[in-house]
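Data file: model_38.csv. Format and content: CSV, C-alpha atoms (C1' of nucleotides).
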```csv
chain,number,residue,atom,x,y,z
A,208,MET,CA,79.5,170.9,74.3
A,209,ALA,CA,81.6,173.5,72.6
A,210,SER,CA,82.1,173.3,68.8
A,211,GLN,CA,85.5,173.3,67.2
A,212,ALA,CA,84.9,176.8,66.1
A,213,GLU,CA,84.2,178.0,69.6
A,214,LEU,CA,87.3,176.4,70.9
A,215,LEU,CA,89.3,178.2,68.3
A,216,ILE,CA,87.6,181.6,69.0
A,217,ARG,CA,87.5,181.7,72.8
A,218,PRO,CA,91.2,182.3,73.4
A,219,HIS,CA,91.0,185.4,71.3
A,220,GLY,CA,87.8,187.0,72.3
A,221,ARG,CA,84.0,186.6,72.5
A,222,ALA,CA,82.4,183.7,70.8
A,223,THR,CA,79.4,185.3,69.2
A,224,PRO,CA,76.9,183.4,67.0
A,225,ALA,CA,78.1,185.2,64.0
A,226,ARG,CA,81.8,184.3,64.6
A,227,ARG,CA,81.0,180.8,65.4
A,228,ARG,CA,78.9,180.2,62.3
A,229,VAL,CA,81.2,181.9,59.9
A,230,LEU,CA,84.2,180.0,61.2
A,231,GLU,CA,82.2,176.7,61.0
A,232,VAL,CA,81.4,177.5,57.4
A,233,LEU,CA,85.0,178.2,56.6
A,234,LEU,CA,86.2,175.1,58.3
A,235,GLY,CA,83.8,173.0,56.3
A,236,ALA,CA,84.7,174.6,53.0
A,237,ALA,CA,86.6,172.8,50.3
A,238,HIS,CA,87.9,176.0,48.8
A,239,ALA,CA,88.4,179.7,49.6
A,240,MET,CA,85.1,181.4,49.8
A,241,SER,CA,84.1,184.9,48.7
A,242,HIS,CA,82.0,187.1,51.0
A,243,ALA,CA,78.9,186.4,48.9
A,244,GLU,CA,79.4,182.7,49.0
A,245,ILE,CA,79.7,182.7,52.8
A,246,GLU,CA,76.7,184.9,53.1
A,247,ALA,CA,74.6,182.5,51.0
A,248,GLU,CA,75.7,179.6,53.2
A,249,LEU,CA,74.7,181.3,56.5
A,250,GLU,CA,71.2,181.0,58.0
A,251,THR,CA,69.2,184.2,57.6
A,252,ASP,CA,69.0,184.7,61.4
A,253,VAL,CA,72.7,184.7,62.0
A,254,CYS,CA,74.3,187.8,60.7
A,255,PRO,CA,71.5,189.4,58.7
A,256,ASP,CA,73.9,192.2,57.8
A,257,ARG,CA,76.7,192.3,55.2
A,258,VAL,CA,78.8,194.7,57.3
A,259,THR,CA,78.9,192.4,60.3
A,260,LEU,CA,80.2,189.6,58.0
A,261,TYR,CA,83.0,191.9,56.8
A,262,ARG,CA,83.9,192.7,60.3
A,263,VAL,CA,83.8,189.1,61.5
A,264,LEU,CA,86.0,188.0,58.6
A,265,ASP,CA,88.5,190.8,59.3
A,266,TRP,CA,88.5,189.8,62.9
A,267,LEU,CA,89.2,186.2,62.1
A,268,VAL,CA,92.0,187.3,59.8
A,269,SER,CA,93.5,189.5,62.4
A,270,LYS,CA,93.5,186.6,64.9
A,271,ARG,CA,95.1,184.4,62.3
A,272,LEU,CA,92.2,182.1,62.3
A,273,ALA,CA,91.5,182.8,58.6
A,274,HIS,CA,93.4,183.7,55.5
A,275,LYS,CA,92.4,186.5,53.1
A,276,ILE,CA,93.4,186.1,49.4
A,277,ALA,CA,92.9,188.3,46.5
A,278,GLY,CA,91.2,186.9,43.5
A,279,ASP,CA,91.3,188.3,40.0
A,280,ASP,CA,87.8,189.7,40.3
A,281,ARG,CA,88.9,192.2,42.9
A,282,ALA,CA,87.0,190.5,45.7
A,283,TRP,CA,88.5,188.8,48.7
A,284,ARG,CA,88.3,185.1,49.3
A,285,PHE,CA,88.7,183.6,52.8
A,286,ASN,CA,89.6,180.2,54.2
A,287,ALA,CA,90.1,178.8,57.6
A,288,VAL,CA,93.7,178.4,58.7
A,289,ALA,CA,94.4,174.9,59.8
A,290,ALA,CA,97.5,175.0,61.8
A,291,ASP,CA,100.8,176.8,61.1
A,292,GLY,CA,100.4,179.1,58.1
A,293,HIS,CA,103.8,179.0,56.7
A,294,GLY,CA,104.5,177.5,53.3
A,295,HIS,CA,100.8,177.1,52.6
A,296,ALA,CA,100.0,177.1,48.8
A,297,HIS,CA,97.0,178.3,46.8
A,298,PHE,CA,95.9,177.1,43.5
A,299,HIS,CA,94.0,179.5,41.3
A,300,CYS,CA,92.0,178.1,38.4
A,301,THR,CA,92.3,180.5,35.4
A,302,ARG,CA,89.1,179.1,34.0
A,303,CYS,CA,86.5,179.1,36.8
A,304,GLY,CA,88.4,181.6,39.0
A,305,GLN,CA,88.1,179.3,42.0
A,306,VAL,CA,90.8,179.3,44.6
A,307,TYR,CA,91.7,176.0,46.2
A,308,CYS,CA,93.9,175.6,49.2
A,309,LEU,CA,96.6,173.0,48.8
A,310,SER,CA,97.3,172.4,52.5
A,311,GLU,CA,99.1,169.2,51.9
A,312,LEU,CA,101.5,170.9,49.5
A,313,GLN,CA,104.5,172.0,51.4
A,314,PRO,CA,106.7,173.5,48.7
A,315,ALA,CA,110.4,173.7,49.3
A,316,PHE,CA,111.5,177.2,48.6
A,317,ALA,CA,115.1,178.1,48.2
A,318,PHE,CA,115.8,181.7,47.9
A,319,SER,CA,117.7,184.5,49.6
A,320,LEU,CA,116.4,188.1,49.7
A,321,PRO,CA,118.4,191.0,48.6
A,322,PRO,CA,120.1,192.9,51.5
A,323,GLY,CA,117.8,195.1,53.6
A,324,TYR,CA,114.6,193.1,53.2
A,325,ARG,CA,113.2,191.4,56.2
A,326,PHE,CA,111.4,188.1,55.8
A,327,ASP,CA,108.1,187.4,57.4
A,328,SER,CA,106.2,184.8,55.4
A,329,ALA,CA,105.9,183.5,51.9
A,330,GLU,CA,103.0,182.5,49.8
A,331,LEU,CA,103.0,180.4,46.7
A,332,THR,CA,100.2,180.8,44.2
A,333,ILE,CA,100.0,178.3,41.4
A,334,GLN,CA,98.0,179.1,38.3
A,335,GLY,CA,96.4,176.5,36.1
A,336,LEU,CA,93.3,174.4,35.6
A,337,CYS,CA,91.5,172.8,38.5
A,338,PRO,CA,90.4,169.1,38.2
A,339,ARG,CA,86.9,170.0,37.1
A,340,CYS,CA,87.9,172.5,34.5
A,341,SER,CA,90.8,170.4,33.3
A,342,GLU,CA,88.2,167.6,32.7
A,343,ALA,CA,85.9,170.0,30.7
A,344,ALA,CA,88.7,171.5,28.6
B,119,MET,CA,114.2,206.9,16.6
B,120,ALA,CA,111.9,204.5,18.3
B,121,SER,CA,111.8,204.2,22.1
B,122,GLN,CA,112.2,200.9,23.8
B,123,ALA,CA,108.5,201.1,24.7
B,124,GLU,CA,107.6,201.5,21.0
B,125,LEU,CA,109.7,198.5,20.0
B,126,LEU,CA,107.9,196.4,22.6
B,127,ILE,CA,104.5,197.5,21.6
B,128,ARG,CA,104.6,197.4,17.8
B,129,PRO,CA,104.6,193.7,17.3
B,130,HIS,CA,101.3,193.5,19.2
B,131,GLY,CA,99.4,196.4,17.9
B,132,ARG,CA,99.2,200.2,17.6
B,133,ALA,CA,101.8,202.3,19.3
B,134,THR,CA,99.6,205.1,20.6
B,135,PRO,CA,100.9,207.9,22.7
B,136,ALA,CA,99.1,206.6,25.8
B,137,ARG,CA,100.5,203.1,25.4
B,138,ARG,CA,104.0,204.4,24.8
B,139,ARG,CA,104.0,206.7,27.8
B,140,VAL,CA,102.4,204.3,30.2
B,141,LEU,CA,104.9,201.5,29.3
B,142,GLU,CA,107.8,204.0,29.6
B,143,VAL,CA,106.6,204.9,33.1
B,144,LEU,CA,106.3,201.3,34.0
B,145,LEU,CA,109.7,200.4,32.6
B,146,GLY,CA,111.3,203.2,34.6
B,147,ALA,CA,109.6,202.3,37.9
B,148,ALA,CA,111.4,200.7,40.8
B,149,HIS,CA,108.3,199.0,42.1
B,150,ALA,CA,104.8,198.0,41.1
B,151,MET,CA,102.7,201.0,40.6
B,152,SER,CA,99.0,201.6,41.3
B,153,HIS,CA,96.7,203.1,38.8
B,154,ALA,CA,96.8,206.4,40.7
B,155,GLU,CA,100.6,206.5,40.9
B,156,ILE,CA,100.8,206.0,37.1
B,157,GLU,CA,98.2,208.7,36.5
B,158,ALA,CA,100.2,211.1,38.6
B,159,GLU,CA,103.3,210.4,36.7
B,160,LEU,CA,101.8,211.0,33.3
B,161,GLU,CA,101.8,214.4,31.6
B,162,THR,CA,98.3,215.9,31.5
B,163,ASP,CA,98.0,215.9,27.8
B,164,VAL,CA,98.7,212.2,27.4
B,165,CYS,CA,95.7,210.2,28.5
B,166,PRO,CA,93.5,212.8,30.3
B,167,ASP,CA,91.1,210.0,31.1
B,168,ARG,CA,91.0,207.4,33.8
B,169,VAL,CA,89.2,204.9,31.7
B,170,THR,CA,91.8,205.0,28.9
B,171,LEU,CA,94.5,204.3,31.5
B,172,TYR,CA,92.6,201.2,32.7
B,173,ARG,CA,92.3,200.0,29.2
B,174,VAL,CA,95.9,200.6,28.3
B,175,LEU,CA,97.0,198.7,31.4
B,176,ASP,CA,94.7,195.8,30.6
B,177,TRP,CA,95.9,195.7,27.1
B,178,LEU,CA,99.6,195.6,28.2
B,179,VAL,CA,98.7,192.8,30.6
B,180,SER,CA,96.9,190.9,27.9
B,181,LYS,CA,99.9,191.2,25.7
B,182,ARG,CA,102.2,190.0,28.5
B,183,LEU,CA,104.1,193.3,28.5
B,184,ALA,CA,103.0,194.0,32.1
B,185,HIS,CA,102.0,192.2,35.2
B,186,LYS,CA,99.0,192.9,37.3
B,187,ILE,CA,99.2,192.1,41.0
B,188,ALA,CA,96.6,192.5,43.8
B,189,GLY,CA,97.6,194.5,46.8
B,190,ASP,CA,95.9,194.4,50.1
B,191,ASP,CA,94.0,197.6,49.5
B,192,ARG,CA,91.9,196.0,46.7
B,193,ALA,CA,93.6,198.1,44.1
B,194,TRP,CA,95.7,196.6,41.3
B,195,ARG,CA,99.4,197.3,40.9
B,196,PHE,CA,101.3,197.0,37.6
B,197,ASN,CA,104.8,196.5,36.6
B,198,ALA,CA,106.5,196.0,33.3
B,199,VAL,CA,107.5,192.5,32.4
B,200,ALA,CA,111.2,192.2,31.7
B,201,ALA,CA,111.7,189.0,29.8
B,202,ASP,CA,110.4,185.5,30.6
B,203,GLY,CA,107.8,185.7,33.3
B,204,HIS,CA,108.2,182.4,35.0
B,205,GLY,CA,109.4,182.2,38.5
B,206,HIS,CA,109.3,185.9,39.1
B,207,ALA,CA,108.9,186.8,42.7
B,208,HIS,CA,107.1,189.7,44.4
B,209,PHE,CA,108.0,191.3,47.7
B,210,HIS,CA,105.1,192.8,49.6
B,211,CYS,CA,106.0,195.2,52.5
B,212,THR,CA,103.4,194.7,55.3
B,213,ARG,CA,104.2,198.2,56.7
B,214,CYS,CA,104.1,200.6,53.7
B,215,GLY,CA,102.1,198.3,51.4
B,216,GLN,CA,104.5,198.7,48.6
B,217,VAL,CA,105.2,195.9,46.2
B,218,TYR,CA,108.7,195.3,44.9
B,219,CYS,CA,109.6,193.1,42.0
B,220,LEU,CA,112.5,190.8,42.8
B,221,SER,CA,113.5,190.0,39.3
B,222,GLU,CA,116.9,188.7,40.2
B,223,LEU,CA,115.3,186.2,42.6
B,224,GLN,CA,114.7,182.9,40.8
B,225,PRO,CA,113.3,180.8,43.5
B,226,ALA,CA,113.7,177.0,43.2
B,227,PHE,CA,110.3,175.5,43.8
B,228,ALA,CA,109.9,171.9,44.3
B,229,PHE,CA,106.3,170.6,44.5
B,230,SER,CA,104.0,168.3,42.8
B,231,LEU,CA,100.3,169.0,42.4
B,232,PRO,CA,97.6,166.7,43.5
B,233,PRO,CA,96.2,164.6,40.7
B,234,GLY,CA,93.8,166.4,38.2
B,235,TYR,CA,95.4,169.8,38.5
B,236,ARG,CA,97.0,171.2,35.4
B,237,PHE,CA,100.0,173.5,36.0
B,238,ASP,CA,100.4,176.8,34.1
B,239,SER,CA,102.5,179.1,36.1
B,240,ALA,CA,103.5,179.9,39.7
B,241,GLU,CA,104.0,183.1,41.6
B,242,LEU,CA,105.9,183.5,44.8
B,243,THR,CA,104.9,186.4,47.1
B,244,ILE,CA,107.1,187.2,50.0
B,245,GLN,CA,105.8,189.2,52.9
B,246,GLY,CA,108.0,191.2,55.2
B,247,LEU,CA,109.6,194.6,55.6
B,248,CYS,CA,111.2,196.5,52.7
B,249,PRO,CA,114.6,198.0,53.2
B,250,ARG,CA,113.2,201.5,54.0
B,251,CYS,CA,110.6,200.2,56.5
B,252,SER,CA,113.1,197.8,58.0
B,253,GLU,CA,115.4,200.7,58.7
B,254,ALA,CA,112.6,202.8,60.3
B,255,ALA,CA,111.3,200.0,62.5
C,244,DA,C1',95.7,211.2,0.7
C,245,DA,C1',91.9,207.8,1.7
C,246,DT,C1',90.3,204.4,4.5
C,247,DC,C1',88.7,201.7,8.3
C,248,DA,C1',89.7,198.9,12.2
C,249,DA,C1',91.3,200.0,16.5
C,250,DA,C1',91.8,203.3,20.3
C,251,DT,C1',90.1,207.2,23.0
C,252,DG,C1',87.1,210.3,25.8
C,253,DC,C1',83.0,211.1,28.1
C,254,DA,C1',79.3,210.2,31.2
C,255,DA,C1',77.0,207.3,33.7
C,256,DC,C1',77.1,203.2,36.1
C,257,DC,C1',78.2,199.2,39.4
C,258,DA,C1',79.9,196.3,43.1
C,259,DA,C1',82.9,195.8,47.0
C,260,DC,C1',84.0,197.7,50.8
C,261,DT,C1',84.0,201.5,54.9
C,262,DT,C1',82.4,204.7,58.4
C,263,DG,C1',79.7,206.6,62.2
C,264,DC,C1',76.6,205.9,65.6
C,265,DA,C1',72.8,204.0,68.3
C,266,DC,C1',71.5,199.6,70.2
C,267,DA,C1',72.2,194.8,71.7
C,268,DT,C1',75.0,191.1,73.6
C,269,DT,C1',78.6,188.6,76.0
C,270,DC,C1',80.8,187.1,80.0
C,271,DG,C1',83.3,187.9,84.3
C,272,DA,C1',82.9,190.2,88.8
C,273,DG,C1',80.4,190.5,92.7
D,174,DC,C1',72.1,185.2,89.5
D,175,DT,C1',72.2,189.5,88.0
D,176,DC,C1',74.6,193.7,86.7
D,177,DG,C1',77.4,196.5,84.0
D,178,DA,C1',81.2,197.8,81.1
D,179,DA,C1',83.5,196.2,77.2
D,180,DT,C1',82.7,194.4,73.0
D,181,DG,C1',79.8,193.2,68.9
D,182,DT,C1',76.0,194.1,65.8
D,183,DG,C1',72.8,196.4,62.7
D,184,DC,C1',71.5,200.1,59.8
D,185,DA,C1',72.1,203.9,56.5
D,186,DA,C1',74.9,206.5,53.9
D,187,DG,C1',79.3,207.3,51.8
D,188,DT,C1',83.8,206.3,49.3
D,189,DT,C1',86.8,203.9,46.1
D,190,DG,C1',88.3,201.4,42.4
D,191,DG,C1',86.9,199.7,38.4
D,192,DT,C1',83.4,199.0,34.1
D,193,DT,C1',80.2,199.7,30.2
D,194,DG,C1',78.1,201.9,26.0
D,195,DC,C1',78.6,204.8,22.5
D,196,DA,C1',80.0,208.7,19.6
D,197,DT,C1',84.4,210.6,18.0
D,198,DT,C1',89.2,210.5,16.8
D,199,DT,C1',93.5,208.4,15.2
D,200,DG,C1',97.3,205.1,13.5
D,201,DA,C1',99.2,202.7,9.9
D,202,DT,C1',98.2,200.2,5.7
D,203,DT,C1',96.8,200.9,0.9
```

Represent the supplied structure as structure tokens.
Amino acid sequence: MASQAELLIRPHGRATPARRRVLEVLLGAAHAMSHAEIEAELETDVCPDRVTLYRVLDWLVSKRLAHKIAGDDRAWRFNAVAADGHGHAHFHCTRCGQVYCLSELQPAFAFSLPPGYRFDSAELTIQGLCPRCSEAA
Amino acid sequence: MASQAELLIRPHGRATPARRRVLEVLLGAAHAMSHAEIEAELETDVCPDRVTLYRVLDWLVSKRLAHKIAGDDRAWRFNAVAADGHGHAHFHCTRCGQVYCLSELQPAFAFSLPPGYRFDSAELTIQGLCPRCSEAA
DNA sequence: AATCAAATGCAACCAACTTGCACATTCGAG
DNA sequence: CTCGAATGTGCAAGTTGGTTGCATTTGATT
């Protein structure tokens, strides 16, 4: 019985324990996770090494299974990519610093690039207060 | 005769040589500049110290005179803020890593946040190839 | 010109991330 | 099943970008 993570990984390369667990954690996360958060979530026996985690995450990103977003604390946050990848918006809470993935939100952009620029993808980041901080404020 | 930089700075605080020169450099830049690029642009007598530059940049950002954007090399890039600040789009070249400011581009977003989220501002980042890299590709 | 809050310069520090290399694992071929 | 080459992993040490604490200097108000 192969996990969802394994099914996602196999077409791209080896399904190692580290990759499986990391992707499982990301798939189950409600928000984008920092390296440290992911590390804390992992069992000690899987991936006892920070470096491996960095490499696993980079690999997932390179295979488009995860997204890498820059927070304002100069550390990366990661989240599993559900399906397509286009038009996917992020919400950054300016109070707690957390980044939430608004996968339901399919913003309608309308713009045209200046001549010479070649379009690949676009990402919308919305700043504000998350529900929890909005409550507390 | 006060420079444009000085006029922008004075309402917020002291117009020191470091602040003046840094803002001048940013105002004259065609794209978002990294700390190192700015440092290289400065005369050696103004701001001989990395730390001061960091502080000047943070100060400019805190006064909304500059923008701070995260590149994919975990270093910040800065650019002078022209006027308003809302709806201002960035173009990130995936080949050379440069970030260009598309100030003319006023994208029309249409979205509604899930309940509980409080909106403050939004930023659109477009990925692709810049004119120079597009040419070379 | 005197004053003092605000800014600077220095030196040390820190955390996030990378690199190089030896060792272990995966998984497909036989 | 088992063997082996390609692929990952683990460790130690290094690099980079950014920060902190504190003594000294400086801008602009009086």

Show me which bits of chain C are within 10 Å of chain B, counting all atoms listed in the file, as a VMD selection string. chain C and resid 249 to 253 259 to 260

Report, in Å to a single decimal, how far apart CA of His242 (chain A) and CA of Lys275 (chain A) are.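 So the answer is 10.6 Å.
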
Pull out every residue of chain B that has at least one atom within 10 Å of chain A, counting all atoms listed in the file, and report them as a ChimeraX atom specification. /B:186-194,207-212,220,222-253

Counting all atoms listed in the file, collect the residues of chain D whose closest atom lies at most 9 Å from chain A, and write them out as an MDAnalysis selection string. chainID D and resid 180:184 191

Taking 2 positions as the minimum chain separation for residues in the same chain, which residues sit within 12 Å of DA245 (chain C) when counting only C-alpha atoms (C1' of nucleotides)? Answer as a PyMOL selection string. (chain C and resi 247) or (chain D and resi 202-203)

The selected residues should be written to file as a PDB file, in the coordinates of the input (atoms: C-alpha atoms (C1' of nucleotides)).
```pdb
ATOM      1  C1'  DC C 247      88.700 201.700   8.300  1.00  0.00           C
TER       2       DC C 247
ATOM      3  C1'  DT D 202      98.200 200.200   5.700  1.00  0.00           C
ATOM      4  C1'  DT D 203      96.800 200.900   0.900  1.00  0.00           C
TER       5       DT D 203
END
```

Would you mind reading off the distance between C1' of DT175 (chain D) and CA of Pro224 (chain A), one decimal, in Å?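 It comes out at 22.4 Å.
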
Report the distance between CA of Arg217 (chain A) and C1' of DT269 (chain C) in Å, rounded to one decimal place. 11.7 Å
